[in-house]
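Listing of structure19.cif; format and content: mmCIF, C-alpha atoms.
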data_run
loop_
_atom_site.label_atom_id
_atom_site.label_comp_id
_atom_site.auth_asym_id
_atom_site.auth_seq_id
_atom_site.Cartn_x
_atom_site.Cartn_y
_atom_site.Cartn_z
CA MET A 130 56.60 181.65 226.99
CA SER A 131 59.83 182.84 228.52
CA ALA A 132 63.03 180.98 229.09
CA PRO A 133 65.17 182.82 231.65
CA GLY A 134 68.86 182.76 231.04
CA MET A 135 68.65 181.54 227.47
CA LYS A 136 68.88 184.75 225.56
CA TYR A 137 72.20 185.82 224.18
CA GLY A 138 73.59 188.52 221.98
CA SER A 139 71.27 190.06 219.47
CA ALA A 140 69.49 186.89 218.42
CA LYS A 141 65.83 187.36 217.64
CA GLY A 142 63.44 184.50 217.45
CA ALA A 143 60.82 182.55 219.27
CA TRP A 144 60.73 180.03 222.06
CA VAL A 145 58.48 177.14 221.18
CA GLY A 146 57.49 174.03 223.06
CA GLU A 147 57.08 173.68 226.79
CA ALA A 148 59.21 174.83 229.69
CA GLY A 149 59.11 174.76 233.45
CA GLY A 150 58.26 172.27 236.16
CA ALA A 151 60.32 169.24 236.92
CA GLY A 152 61.02 168.68 233.27
CA CYS A 153 61.34 171.16 230.48
CA GLN A 154 61.78 171.06 226.78
CA CYS A 155 62.11 174.20 224.77
CA ILE A 156 63.47 175.10 221.41
CA PHE A 157 64.78 178.46 220.38
CA GLU A 158 64.29 179.23 216.72
CA PRO A 159 66.06 182.41 215.72
CA ASP A 160 65.08 184.50 212.74
CA THR A 161 68.00 183.99 210.42
CA GLU A 162 68.26 184.77 206.76
CA LYS A 163 70.13 182.34 204.55
CA THR A 164 71.71 183.45 201.34
CA ARG A 165 72.77 181.44 198.32
CA TRP A 166 75.00 182.95 195.65
CA LEU A 167 74.02 181.50 192.29
CA PRO A 168 76.65 182.50 189.70
CA ALA A 169 76.04 182.23 185.97
CA ALA A 170 77.49 178.72 185.70
CA THR A 171 74.78 177.34 188.00
CA TRP A 172 71.99 178.29 185.56
CA TRP A 173 70.91 176.71 182.30
CA THR A 174 68.96 177.98 179.32
CA TYR A 175 66.07 177.13 177.05
CA THR A 176 67.12 174.84 174.27
CA ALA A 177 65.42 176.93 171.61
CA SER A 178 66.34 180.45 172.75
CA ALA A 179 69.57 180.34 174.64
CA PRO A 180 71.64 183.28 175.80
CA THR A 181 75.35 182.68 175.39
CA LEU A 182 77.52 181.80 178.35
CA ILE A 183 80.81 183.64 177.95
CA ILE A 184 83.93 184.42 179.90
CA ARG A 185 84.64 188.11 179.57
CA GLN A 186 88.27 189.08 179.83
CA TYR A 187 88.94 192.51 181.23
CA ALA A 188 92.09 194.40 180.38
CA ASN A 189 92.90 194.73 184.04
CA LEU A 190 93.70 191.05 184.38
CA HIS A 191 90.60 189.29 185.47
CA ASP A 192 87.84 187.28 183.79
CA ILE A 193 84.17 186.93 184.72
CA GLU A 194 81.77 184.26 183.50
CA MET A 195 78.36 185.61 182.48
CA TYR A 196 75.36 185.11 180.20
CA GLU A 197 74.67 187.61 177.42
CA VAL A 198 70.94 188.07 177.89
CA ALA A 199 68.67 189.60 175.26
CA THR A 200 65.02 190.49 175.76
CA GLY A 201 62.91 187.33 175.85
CA ASP A 202 65.77 185.15 177.14
CA TYR A 203 65.44 183.02 180.28
CA LEU A 204 67.73 181.16 182.67
CA PHE A 205 66.79 178.37 185.06
CA THR A 206 68.12 176.65 188.13
CA LEU A 207 66.74 174.59 190.99
CA MET A 208 67.61 173.62 194.52
CA PRO A 209 66.29 171.18 197.11
CA MET A 210 65.29 173.23 200.16
CA PRO A 211 66.20 172.41 203.77
CA ASP A 212 63.93 170.95 206.43
CA ASN A 213 63.83 174.24 208.31
CA TRP A 214 62.84 176.50 205.40
CA ARG A 215 60.34 179.04 206.68
CA VAL A 216 57.97 178.96 203.82
CA ALA A 217 55.58 181.51 205.28
CA THR A 218 57.84 184.21 203.97
CA ASN A 219 58.83 185.15 200.48
CA ILE A 220 62.27 184.85 198.99
CA ARG A 221 64.40 187.75 197.90
CA PHE A 222 66.61 188.20 194.85
CA THR A 223 69.53 190.49 194.23
CA ILE A 224 70.77 190.37 190.65
CA VAL A 225 74.27 191.32 189.57
CA TRP A 226 74.73 192.32 185.95
CA THR A 227 76.80 194.42 183.58
CA SER A 228 77.18 195.15 179.86
CA ASP A 229 80.11 195.66 177.53
CA ALA A 230 77.98 197.82 175.24
CA GLY A 231 75.26 200.42 175.76
CA ALA A 232 76.97 203.50 174.35
CA GLY A 233 74.60 206.47 174.58
CA GLN A 234 72.03 204.55 176.62
CA ILE A 235 72.85 205.58 180.18
CA GLY A 236 69.59 205.85 182.08
CA ASN A 237 67.77 203.39 179.86
CA SER A 238 66.23 200.51 181.77
CA VAL A 239 66.77 196.78 181.76
CA GLU A 240 63.66 194.91 182.86
CA TRP A 241 64.57 191.74 184.75
CA ILE A 242 61.90 189.25 185.78
CA PHE A 243 62.02 186.52 188.43
CA GLY A 244 59.84 183.45 188.92
CA ALA A 245 59.81 180.84 191.68
CA GLY A 246 57.80 177.65 192.08
CA ALA A 247 58.02 174.95 194.74
CA PHE A 248 57.46 171.28 193.95
CA SER A 249 56.76 168.61 196.57
CA ASP A 250 57.11 164.85 196.30
CA GLY A 251 54.39 163.67 193.90
CA ASP A 252 53.78 167.08 192.32
CA SER A 253 53.64 167.33 188.56
CA LEU A 254 56.57 169.24 187.11
CA ASN A 255 54.31 170.25 184.25
CA GLN A 256 52.74 173.20 186.09
CA ASN A 257 52.80 176.90 185.54
CA TYR A 258 54.22 179.01 188.37
CA LEU A 259 53.88 182.44 186.79
CA PRO A 260 53.43 185.39 186.94
CA ASP A 261 56.96 186.64 187.39
CA THR A 262 58.05 189.50 189.61
CA GLY A 263 59.65 192.43 187.78
CA LEU A 264 62.70 194.55 188.53
CA SER A 265 63.66 197.64 186.55
CA ASP A 266 67.27 198.82 186.71
CA ALA A 267 68.80 201.76 184.88
CA PHE A 268 71.97 201.26 182.85
CA GLN A 269 74.85 203.19 184.43
CA GLY A 270 77.65 202.67 181.93
CA THR A 271 79.77 200.15 180.04
CA HIS A 272 81.52 197.56 182.22
CA ILE A 273 79.84 198.99 185.33
CA CYS A 274 78.79 196.49 187.97
CA HIS A 275 75.05 196.83 188.58
CA ILE A 276 73.60 195.58 191.87
CA PRO A 277 70.08 196.95 192.24
CA ALA A 278 68.14 196.73 195.49
CA LYS A 279 66.82 193.26 196.22
CA ILE A 280 63.26 192.43 195.34
CA THR A 281 60.78 190.13 197.00
CA ALA A 282 59.17 187.36 194.99
CA THR A 283 56.34 185.04 195.89
CA VAL A 284 57.07 181.34 195.81
CA ARG A 285 54.08 179.76 194.14
CA GLN A 286 52.52 176.29 194.40
CA SER A 287 52.26 175.81 198.16
CA PRO A 288 55.93 175.75 199.17
CA ALA A 289 56.97 173.36 201.94
CA PRO A 290 60.24 172.23 203.53
CA ILE A 291 62.25 169.72 201.46
CA ASP A 292 60.55 170.97 198.29
CA MET A 293 62.46 171.47 195.09
CA LEU A 294 62.57 175.20 194.42
CA MET A 295 62.54 176.03 190.73
CA LEU A 296 63.84 179.48 189.79
CA ARG A 297 63.83 181.40 186.57
CA VAL A 298 65.33 184.73 185.64
CA GLY A 299 64.59 186.46 182.39
CA ARG A 300 64.55 189.74 180.59
CA ASP A 301 61.33 191.40 179.53
CA GLN A 302 60.90 193.95 176.77
CA ASP A 303 62.81 197.15 177.64
CA ASP A 304 64.52 200.16 176.13
CA PHE A 305 68.12 198.99 176.50
CA ASP A 306 69.14 197.99 173.00
CA ASP A 307 72.09 195.70 173.80
CA ASP A 308 72.66 192.49 175.69
CA ALA A 309 72.53 192.73 179.46
CA ASP A 310 75.14 190.42 180.93
CA PHE A 311 73.96 188.26 183.82
CA ILE A 312 76.70 187.58 186.40
CA GLY A 313 74.59 185.94 189.09
CA VAL A 314 71.86 186.16 191.68
CA GLN A 315 71.99 186.28 195.43
CA MET A 316 68.92 184.44 196.71
CA GLU A 317 67.78 184.95 200.26
CA TYR A 318 65.30 182.86 202.21
CA ASP A 319 64.37 182.45 205.86
CA ALA A 320 65.51 179.54 208.01
CA PRO A 321 66.96 179.12 211.48
CA MET B 175 67.21 175.93 234.63
CA THR B 176 70.96 176.41 234.49
CA ALA B 177 72.87 178.79 232.29
CA MET B 178 73.14 177.88 228.65
CA ARG B 179 76.80 178.01 227.64
CA PRO B 180 77.34 181.72 227.01
CA ALA B 181 80.22 181.01 224.63
CA MET B 182 77.74 179.84 221.98
CA THR B 183 76.79 183.28 220.82
CA LYS B 184 77.62 182.84 217.15
CA GLY B 185 75.38 181.34 214.56
CA PRO B 186 71.84 180.10 214.81
CA TRP B 187 70.39 178.75 218.02
CA VAL B 188 68.37 175.64 217.43
CA GLY B 189 68.31 172.89 219.95
CA ALA B 190 66.53 171.32 222.83
CA ALA B 191 66.82 172.27 226.48
CA THR B 192 65.86 169.28 228.56
CA GLY B 193 65.85 168.47 232.26
CA GLY B 194 64.86 170.99 234.88
CA GLY B 195 64.79 171.01 238.64
CA GLY B 196 68.36 172.20 238.80
CA GLY B 197 69.72 170.55 235.69
CA CYS B 198 69.14 171.56 232.12
CA GLU B 199 71.19 170.95 229.01
CA PHE B 200 71.11 172.79 225.75
CA THR B 201 72.08 170.75 222.70
CA LEU B 202 72.93 172.64 219.56
CA ASP B 203 71.22 170.93 216.66
CA THR B 204 71.72 172.77 213.43
CA PRO B 205 72.32 170.47 210.47
CA LYS B 206 73.53 172.05 207.28
CA THR B 207 71.87 171.36 203.97
CA ARG B 208 73.72 171.40 200.67
CA TYR B 209 72.67 170.28 197.22
CA MET B 210 74.07 169.21 193.88
CA ASN B 211 72.08 169.74 190.70
CA SER B 212 73.20 169.20 187.11
CA THR B 213 75.30 172.36 187.10
CA LEU B 214 77.41 171.05 189.99
CA LEU B 215 77.86 167.47 188.74
CA TRP B 216 79.78 165.85 185.93
CA GLU B 217 79.36 162.58 184.10
CA ASP B 218 81.50 159.44 184.38
CA ASP B 219 84.09 159.53 181.63
CA GLY B 220 83.63 155.91 180.59
CA SER B 221 79.93 155.30 181.21
CA PRO B 222 78.02 158.55 181.32
CA PRO B 223 74.28 158.96 181.75
CA THR B 224 72.70 161.32 179.22
CA ARG B 225 72.52 164.99 180.19
CA PHE B 226 69.47 166.66 178.64
CA LYS B 227 66.77 169.30 179.21
CA ARG B 228 63.14 168.30 179.47
CA ALA B 229 60.52 170.79 178.33
CA TYR B 230 56.99 170.86 179.75
CA ALA B 231 53.93 172.00 177.84
CA ASN B 232 52.35 173.88 180.74
CA ALA B 233 55.40 174.99 182.68
CA PRO B 234 57.62 178.00 182.00
CA GLN B 235 60.87 176.07 182.27
CA GLU B 236 63.06 173.34 180.98
CA ILE B 237 64.76 171.21 183.61
CA GLU B 238 68.26 169.90 183.06
CA MET B 239 68.70 166.33 184.30
CA PHE B 240 70.56 163.06 183.71
CA SER B 241 68.85 160.04 182.14
CA PHE B 242 70.20 156.80 183.70
CA THR B 243 70.17 153.31 182.24
CA GLN B 244 69.57 150.92 185.13
CA ASP B 245 72.38 148.71 186.40
CA ASP B 246 74.68 149.90 183.65
CA ASP B 247 77.40 151.38 185.87
CA GLN B 248 76.51 154.91 184.85
CA TYR B 249 77.52 157.61 187.32
CA VAL B 250 77.67 161.32 187.95
CA TYR B 251 80.07 162.93 190.39
CA GLY B 252 80.34 166.05 192.50
CA ASN B 253 82.38 167.34 195.38
CA LEU B 254 82.04 169.54 198.43
CA ALA B 255 84.50 171.12 200.85
CA LEU B 256 83.51 170.66 204.50
CA PRO B 257 83.68 173.36 207.18
CA ASP B 258 85.73 173.45 210.38
CA ASN B 259 82.79 172.34 212.49
CA TRP B 260 81.53 169.29 210.60
CA ASP B 261 80.59 166.70 213.25
CA LEU B 262 82.29 163.87 211.29
CA ASP B 263 79.11 161.83 211.42
CA THR B 264 77.04 160.26 208.65
CA VAL B 265 75.36 162.31 205.93
CA LEU B 266 71.63 162.20 205.24
CA CYS B 267 70.83 162.11 201.54
CA ARG B 268 67.75 162.48 199.37
CA ILE B 269 67.49 162.08 195.61
CA TYR B 270 65.16 164.28 193.54
CA TRP B 271 64.20 162.55 190.30
CA THR B 272 61.50 162.14 187.68
CA GLU B 273 60.58 160.19 184.54
CA ASN B 274 57.96 160.46 181.79
CA HIS B 275 57.11 156.80 181.17
CA ASP B 276 53.58 155.52 181.85
CA SER B 277 54.49 152.57 184.08
CA SER B 278 53.72 153.42 187.71
CA GLY B 279 54.47 151.23 190.71
CA SER B 280 57.90 150.10 189.54
CA ALA B 281 61.02 150.19 191.73
CA VAL B 282 63.84 152.66 191.19
CA ASN B 283 66.97 152.23 193.29
CA TRP B 284 69.46 155.08 193.37
CA THR B 285 72.89 154.77 194.97
CA VAL B 286 75.12 157.31 196.73
CA ALA B 287 78.71 156.86 197.86
CA ILE B 288 80.88 159.47 199.53
CA GLY B 289 84.65 159.54 200.06
CA SER B 290 86.11 161.99 202.55
CA PHE B 291 89.66 163.10 201.72
CA GLU B 292 91.96 165.13 203.92
CA ASP B 293 95.03 167.18 203.17
CA ILE B 294 97.88 165.17 201.59
CA GLU B 295 95.73 162.08 201.09
CA SER B 296 95.74 160.29 197.77
CA LEU B 297 92.60 160.84 195.72
CA ASN B 298 93.35 157.59 193.93
CA GLN B 299 91.44 155.49 196.44
CA ASN B 300 88.22 153.53 196.26
CA TYR B 301 85.42 154.89 198.45
CA MET B 302 82.78 152.29 197.63
CA GLY B 303 82.93 150.57 201.00
CA ALA B 304 79.50 151.82 202.05
CA VAL B 305 77.32 152.48 199.03
CA ALA B 306 73.88 153.56 200.23
CA VAL B 307 70.78 152.58 198.27
CA LEU B 308 67.84 154.99 198.09
CA ASN B 309 64.78 153.00 197.10
CA ASP B 310 61.73 154.67 195.63
CA THR B 311 58.58 153.76 193.74
CA TYR B 312 57.64 155.34 190.46
CA GLN B 313 54.36 157.24 190.78
CA GLY B 314 53.69 158.52 187.30
CA ALA B 315 54.87 160.56 184.35
CA ASP B 316 56.43 163.97 184.97
CA LEU B 317 55.91 163.80 188.73
CA LEU B 318 58.66 164.96 191.03
CA HIS B 319 59.89 162.10 193.22
CA ILE B 320 61.78 162.79 196.44
CA THR B 321 63.25 159.73 198.15
CA ASP B 322 63.26 159.16 201.88
CA GLU B 323 66.35 160.39 203.65
CA VAL B 324 69.08 157.73 203.87
CA ALA B 325 72.28 157.88 205.94
CA VAL B 326 75.52 157.63 203.99
CA THR B 327 78.82 157.02 205.77
CA PRO B 328 81.71 158.96 204.23
CA GLN B 329 84.65 156.62 203.69
CA HIS B 330 88.27 157.08 204.81
CA ASN B 331 89.49 159.11 207.74
CA ARG B 332 86.85 161.72 208.34
CA GLU B 333 88.31 165.09 209.31
CA VAL B 334 86.98 168.62 209.35
CA GLN B 335 87.84 170.63 206.23
CA ASP B 336 87.84 167.40 204.20
CA LEU B 337 86.91 167.23 200.55
CA TRP B 338 83.93 165.00 199.87
CA CYS B 339 83.83 163.17 196.56
CA VAL B 340 80.29 162.05 195.80
CA ARG B 341 79.19 159.37 193.32
CA ILE B 342 75.55 158.90 192.28
CA GLY B 343 74.38 155.83 190.36
CA LEU B 344 71.38 153.63 189.69
CA ASN B 345 71.06 149.96 190.60
CA ALA B 346 68.78 147.48 188.90
CA GLY B 347 65.06 148.01 189.48
CA THR B 348 61.79 147.12 187.86
CA HIS B 349 61.18 150.39 186.06
CA PRO B 350 61.02 149.71 182.31
CA ALA B 351 62.62 152.96 181.16
CA THR B 352 65.41 155.35 182.13
CA PRO B 353 64.84 157.30 185.38
CA ASP B 354 66.00 160.90 185.31
CA PHE B 355 68.13 162.30 188.11
CA ILE B 356 67.51 165.97 189.01
CA ALA B 357 69.38 166.70 192.24
CA LEU B 358 70.96 165.33 195.42
CA ARG B 359 70.33 166.92 198.80
CA LEU B 360 72.91 166.36 201.56
CA ARG B 361 72.40 167.16 205.22
CA TYR B 362 75.26 166.95 207.72
CA GLY B 363 75.63 167.92 211.35
CA ILE B 364 77.91 170.48 212.92
CA ASP B 365 79.38 170.78 216.39
#

Structure encoded using structure tokens:
Amino acid sequence: MSAPGMKYGSAKGAWVGEAGGAGCQCIFEPDTEKTRWLPAATWWTYTASAPTLIIRQYANLHDIEMYEVATGDYLFTLMPMPDNWRVATNIRFTIVWTSDAGAGQIGNSVEWIFGAGAFSDGDSLNQNYLPDTGLSDAFQGTHICHIPAKITATVRQSPAPIDMLMLRVGRDQDDFDDDADFIGVQMEYDAP
Amino acid sequence: MTAMRPAMTKGPWVGAATGGGGGCEFTLDTPKTRYMNSTLLWEDDGSPPTRFKRAYANAPQEIEMFSFTQDDDQYVYGNLALPDNWDLDTVLCRIYWTENHDSSGSAVNWTVAIGSFEDIESLNQNYMGAVAVLNDTYQGADLLHITDEVAVTPQHNREVQDLWCVRIGLNAGTHPATPDFIALRLRYGID
């Protein structure tokens, strides 16, 4: 279907509905990515095995809140999704992390893992939404900001608009022998 | 079909073009969705619900939530800064909640109130003039419950760039235990 005169700028999307004749009704749904920045304070931990939430003070006059994450640690958060969530696509994660240790370990890898499950009204919350999606990032140096390329993760359990999206981030076994400090995650999903 | 307001080249295009035969209007219709989970809410100082994490035997997570005693004036609060293009209209709200008691079919009645405060306005004002009630029915242990969407009218003089103060509570119902609040979803319109 085409809709003459209704295309502007660089918007990409699809015309849906009906158009033409004496009456017309058409809807333009652009392809637009939405991002949500989820800093450390918006995550919680397991009761039994909890990484420590700290505020690191840097000598150059600023502080950053972060979790000190060891291998086997996990963080969780959740968000109600919008009506126009395009669930046919995956979601993407970009993690931001650092470390105040790691002497002699430049090039060693930190293995981050991401899980995502969607819960609809009436779904049991007592369901497994694994396996996780892995991301390997090499340690670059003490106090260095690490922002590896974003990864794509599958949302499990039949995601639908309005669902509650449950997210977890953790650290798998790796060869970095110190805590990796989690600053936050940029989550990206598709919606008009 | 007439031209479609070329000035609207920023942001998403979602709307309906209606009419035809020489007249056609495009209405921008892009509501914004925001949410508040436990990390973005705080408990009432005098009568707090219980913040806790529930573990699940088959799931790889614990979920942080608030356990509410019904009709006990327990509340949690959050806030949100509004953008320049808020349409000043009502807000559509849903509550996400759960429980692990065995009694299904009982009534659970959440409440939401919103105050909208502008620059140089006293925060020491009551905004309970239009408390919305979000009724739901308990379906079973450990199920996620999502209420229907209910319109909430922000109180005071609504202006763009306002600060919303949000209060969530629980009225009396027939559920025999303590329903657990997980999150609030808010949806507002923009011009």

With 10 Å as the cut-off and only C-alpha atoms counted, what is the closest atom pair between each nearby residue of stretch 209-258 of chain A and stretch 290-294 of chain A? Distances in Å to one decimal, ordered by chain and number, as CSV.
residue,atom,partner,partner_atom,distance
A:Pro209,CA,A:Met293,CA,4.3
A:Met210,CA,A:Ile291,CA,4.8
A:Pro211,CA,A:Ile291,CA,5.3
A:Asp212,CA,A:Pro290,CA,4.9
A:Asn213,CA,A:Pro290,CA,6.3
A:Trp214,CA,A:Pro290,CA,5.3
A:Arg215,CA,A:Pro290,CA,7.5
A:Val216,CA,A:Pro290,CA,7.1
A:Ala245,CA,A:Leu294,CA,6.9
A:Gly246,CA,A:Leu294,CA,5.9
A:Ala247,CA,A:Leu294,CA,4.6
A:Phe248,CA,A:Met293,CA,5.1
A:Ser249,CA,A:Asp292,CA,4.8
A:Asp250,CA,A:Asp292,CA,7.3
A:Asp252,CA,A:Asp292,CA,9.8

inquiry  = Going by the chain IDs and residue numbers used in this file, which residues fall under the PyMOL selection byres ((chain A and resi 233-240) around 6)? Write them as number ranges by chain.
reply    = A: 231-232, 241, 264-270, 300-301, 303-305

key: Residue with smallest distance to B:Tyr249 - pool B:Gln235, B:Asn309, B:Thr272, B:Ser221, counting only C-alpha atoms   =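 Smallest distance to B:Tyr249 is found for B:Ser221.
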
key: Selection result of the PyMOL selection byres ((chain B and resi 306) around 9) on this file, as a list in words   =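 Expected selection for the PyMOL selection byres ((chain B and resi 306) around 9) here is Trp284, Thr285, Val286, Ala287, Ala304, Val305, Val307, Leu308, Val324, Ala325, Val326 and Thr327 of chain B.
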
Result set of the PyMOL selection byres ((chain A and resi 193-208) around 6) on the coordinates above, as a PyMOL selection string = chain A and resi 169+172-174+180-185+192+209+293-302+308-312

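Residues lying within 7 Å of B:Glu323, counting only C-alpha atoms and ignoring same-chain neighbours fewer than 3 positions away, are B:Leu266, B:Cys267, B:Arg268.
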
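Restricting the calculation to all atoms listed in the file, the smallest distance between B:Ile294 and any of B:Leu317, B:Leu337, B:Gly363, B:Ser280 is found for B:Leu337.
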
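With only the atoms specified (all atoms listed in the file) counting, those residues at most 6 Å away from (82.9, 158.4, 202.2) are B:Ile288, B:Gly289, B:Ser290, B:Tyr301, B:Thr327, B:Pro328, B:Gln329.
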
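As for atom CA of A:Pro277 and atom CA of A:Tyr318, they are spaced 17.9 Å apart.
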
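Of the listed residues (B:Glu236, B:Glu217, B:Asp276, B:Asp258), B:Glu236 comes nearest to chain A; the distances count all atoms listed in the file.
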
request  = Would you mind reading off the distance between atom CA of B:Glu333 and atom CA of B:Ala255, one decimal, in Å?
outcome  =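 Interatomic distance here is 11.1 Å.
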
Extending 3 Å beyond the listed atoms of stretch 254-260 of chain B on each side, what axis-aligned box results? I want centre and edge lengths in Å to one decimal, as JSON.
{"center_x": 83.6, "center_y": 171.4, "center_z": 205.5, "size_x": 10.2, "size_y": 10.2, "size_z": 20.1}

Proximity to chain A - best of B:Val250, B:Leu297, B:Val340, B:Ala357, all atoms listed in the file = B:Ala357

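Note that the spacing between atom CA of B:Gly279 and atom CA of B:Thr311 amounts to 5.7 Å.
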
Env of B:Gln248: 6 Å cut, atoms = only C-alpha atoms, seq-sep filter 4 positions within chain, self excluded. Answer as a tab-separated table (two decimals) with C-alpha atoms, in the coordinates of the input.
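Output below, filename part.tsv:
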chain	number	residue	atom	x	y	z
B	221	SER	CA	79.93	155.30	181.21
B	222	PRO	CA	78.02	158.55	181.32
B	223	PRO	CA	74.28	158.96	181.75
B	343	GLY	CA	74.38	155.83	190.36

task = Would you please work out which residue, of B:Arg359, B:Thr348, B:Asp316, B:Gln335, is nearest to B:Ala231 when using only C-alpha atoms?
result =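 Result for the nearest residue to B:Ala231: B:Asp316.
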
request  = Considering all atoms listed in the file, return as number ranges by chain whatever protein or nucleic-acid residues lie within 9 Å of A:Pro260, sequence-local ones (same chain, fewer than 3 positions apart) excluded.
outcome  = A: 243-244, 257

Please dump the current selection as a PDB file, in the frame of the given file; keep C-alpha atoms.
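The result, stored in out-v5.pdb:
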ATOM      1  CA  PHE A 243      62.020 186.520 188.430  1.00  0.00           C
ATOM      2  CA  GLY A 244      59.840 183.450 188.920  1.00  0.00           C
ATOM      3  CA  ASN A 257      52.800 176.900 185.540  1.00  0.00           C
TER       4      ASN A 257
END
